[in-house]
Amino acid sequence: MRGYWDIDRSTSHCISFVETEEVEEGLSELVERIRQRGFRIAYIDCSMFQDRPWEILSEIGFQLKMDNPPYHTDATKLVRWLDDLISLAYRTSGIVIVLDNAGRVFAEHRRTMTELIEAFLVQIHHWLEQKVPCHLCFQMSPHPLVAKLFDDPKDDVFDGKNDA
């Protein structure tokens with residue numbers, strides 16, 4: 001499959017499922033290019049949310065510097081998350097969400113993960129109309145290069161202690 005190679009483009013190929021063997025050394029140039037273009041990147045190690053996958057939405061929100069996280073604290077979480085995600089289409093040069101170690105959380109919390117995908121797809125037309133890249137990448141099996149390239153230690157990370 002194509003892995004991460006379309007993340008610098010506005011395309012309907014906006015969701016990727018990537019396995020370890022699909023990650024190549026050339027990925028570093030691509031990630032450097034999207035960082036230079038000012039993309040917002042959210043890197044989430046799903047193993048940190050294995051017992052609380054509903055908090056992944058909040059972590060995405062915090063890392064992308066969205067308007068109203070946390071999202072997991074009430075019943076309108078998907079609506080508020082969608083509203084904030086849509087608003088980014090009009091004020092960013094692009095976003096990439098990387099959910100690392102996604103295979104296990106997918107297996108154990110399929111409904112939560114499929115709701116995330118469905119919600120993401122509901123709003124993608126805003127990004128396509130603006131010609132702004134918006135990608136959700138599921139790194140199904142971990143690869144150290146993915147964490148190294150996408151994880152930015154300067155980002156404020158949600159730790160589950162900020163429940164408002």
# chains A, B, ... in the order shown; residues from 1 in each chain; ligands from 1

call {"tool": "residues_around", "arguments": {"residues": "Gln123 in chain A", "least_positions_apart": "5", "cutoff": "8 Å", "atoms": "only C-alpha atoms", "output": "NGL selection string"}}
result
:A and (82 or 85-86)

call {"tool": "write_last_selection", "arguments": {"atoms": "C-alpha atoms", "output": "PDB file, in the first residue's frame"}}
result
ATOM      1  CA  LEU A  82     -15.894  17.492  14.522  1.00  0.00           C
ATOM      2  CA  LEU A  85     -11.576  19.716  13.357  1.00  0.00           C
ATOM      3  CA  ILE A  86     -13.593  21.380  10.597  1.00  0.00           C
TER       4      ILE A  86
END

call {"tool": "residues_around", "arguments": {"residues": "Phe106 in chain A", "least_positions_apart": "4", "cutoff": "10 Å", "atoms": "only C-alpha atoms", "output": "VMD selection string"}}
result
chain A and resid 46 50 53 101 to 102 110 to 114 138 140

call {"tool": "closest_atom_pairs", "arguments": {"of": "range 70-163 of chain A", "to": "range 20-38 of chain A", "cutoff": "10 Å", "atoms": "only C-alpha atoms", "output": "tab-separated table"}}
result
residue	atom	partner	partner_atom	distance
A:Thr92	CA	A:Gly38	CA	7.7
A:Ser93	CA	A:Gly38	CA	6.0
A:Gly94	CA	A:Gly38	CA	7.3
A:Ile95	CA	A:Gly38	CA	8.8
A:Val96	CA	A:Ile34	CA	9.0
A:Pro133	CA	A:Ile34	CA	9.9
A:Gln139	CA	A:Thr20	CA	7.6
A:Met140	CA	A:Thr20	CA	7.6
A:Ser141	CA	A:Thr20	CA	5.6
A:Pro142	CA	A:Thr20	CA	6.1
A:His143	CA	A:Thr20	CA	5.5
A:Pro144	CA	A:Thr20	CA	9.1
A:Leu145	CA	A:Val23	CA	7.8
A:Val146	CA	A:Val23	CA	7.7
A:Lys148	CA	A:Ser28	CA	9.3
A:Leu149	CA	A:Ser28	CA	6.5
A:Phe150	CA	A:Val31	CA	7.3

call {"tool": "write_last_selection", "arguments": {"atoms": "N, CA and C atoms", "output": "mmCIF file, in the first residue's frame"}}
result
data_model
loop_
_atom_site.group_PDB
_atom_site.id
_atom_site.type_symbol
_atom_site.label_atom_id
_atom_site.label_comp_id
_atom_site.auth_asym_id
_atom_site.auth_seq_id
_atom_site.Cartn_x
_atom_site.Cartn_y
_atom_site.Cartn_z
ATOM 1 N N THR A 92 -5.374 26.252 8.866
ATOM 2 C CA THR A 92 -4.083 25.565 8.921
ATOM 3 C C THR A 92 -3.639 25.184 7.514
ATOM 4 N N SER A 93 -2.370 24.878 7.390
ATOM 5 C CA SER A 93 -1.859 24.445 6.077
ATOM 6 C C SER A 93 -1.990 22.941 5.900
ATOM 7 N N GLY A 94 -2.410 22.235 6.935
ATOM 8 C CA GLY A 94 -2.627 20.794 6.857
ATOM 9 C C GLY A 94 -2.457 20.146 8.211
ATOM 10 N N ILE A 95 -3.021 18.947 8.350
ATOM 11 C CA ILE A 95 -2.838 18.176 9.571
ATOM 12 C C ILE A 95 -2.551 16.719 9.220
ATOM 13 N N VAL A 96 -1.826 16.081 10.115
ATOM 14 C CA VAL A 96 -1.595 14.639 10.050
ATOM 15 C C VAL A 96 -1.784 14.104 11.460
ATOM 16 N N PRO A 133 -4.430 19.466 3.046
ATOM 17 C CA PRO A 133 -4.239 18.069 3.448
ATOM 18 C C PRO A 133 -4.734 17.788 4.861
ATOM 19 N N GLN A 139 -0.940 3.508 12.358
ATOM 20 C CA GLN A 139 0.266 2.681 12.329
ATOM 21 C C GLN A 139 -0.109 1.430 13.104
ATOM 22 N N MET A 140 -0.514 0.391 12.379
ATOM 23 C CA MET A 140 -1.092 -0.792 13.008
ATOM 24 C C MET A 140 -0.092 -1.532 13.887
ATOM 25 N N SER A 141 1.115 -1.686 13.408
ATOM 26 C CA SER A 141 2.174 -2.319 14.195
ATOM 27 C C SER A 141 3.297 -1.295 14.325
ATOM 28 N N PRO A 142 3.871 -1.153 15.501
ATOM 29 C CA PRO A 142 4.813 -0.066 15.750
ATOM 30 C C PRO A 142 6.102 -0.182 14.941
ATOM 31 N N HIS A 143 6.656 0.979 14.638
ATOM 32 C CA HIS A 143 7.963 1.084 13.989
ATOM 33 C C HIS A 143 8.669 2.263 14.655
ATOM 34 N N PRO A 144 9.898 2.091 15.118
ATOM 35 C CA PRO A 144 10.576 3.167 15.855
ATOM 36 C C PRO A 144 10.757 4.447 15.038
ATOM 37 N N LEU A 145 10.866 4.349 13.727
ATOM 38 C CA LEU A 145 11.036 5.538 12.893
ATOM 39 C C LEU A 145 9.779 6.416 12.932
ATOM 40 N N VAL A 146 8.625 5.806 12.997
ATOM 41 C CA VAL A 146 7.371 6.563 13.038
ATOM 42 C C VAL A 146 7.318 7.422 14.297
ATOM 43 N N LYS A 148 9.833 8.375 16.143
ATOM 44 C CA LYS A 148 10.928 9.350 16.080
ATOM 45 C C LYS A 148 10.571 10.556 15.199
ATOM 46 N N LEU A 149 9.937 10.306 14.068
ATOM 47 C CA LEU A 149 9.649 11.381 13.122
ATOM 48 C C LEU A 149 8.414 12.201 13.470
ATOM 49 N N PHE A 150 7.375 11.544 13.945
ATOM 50 C CA PHE A 150 6.111 12.249 14.152
ATOM 51 C C PHE A 150 5.927 12.780 15.570
#

call {"tool": "residues_around", "arguments": {"residues": "Leu64 in chain A", "least_positions_apart": "6", "cutoff": "10 Å", "atoms": "only C-alpha atoms", "output": "JSON, numbers by chain"}}
result
{"A": [39, 40, 41, 42, 43, 58, 84, 85, 88, 95, 96, 97, 155, 156]}

call {"tool": "residues_around", "arguments": {"residues": "Ile15 in chain A", "least_positions_apart": "6", "cutoff": "9 Å", "atoms": "only C-alpha atoms", "output": "list in words"}}
result
Ile117, Phe120, Leu121, Cys134, His135, Leu136, Cys137 and Phe138 of chain A

call {"tool": "select_by_dssp", "arguments": {"residues": "range 83-131 of chain A", "states": "strand (DSSP E or B)", "output": "PyMOL selection string"}}
result
chain A and resi 95-100

call {"tool": "select_by_dssp", "arguments": {"residues": "chain A", "states": "helix (DSSP H, G or I)", "output": "ChimeraX atom specification"}}
result
/A:20-22,27-36,46-49,53-63,77-88,102-108,110-130,144-150
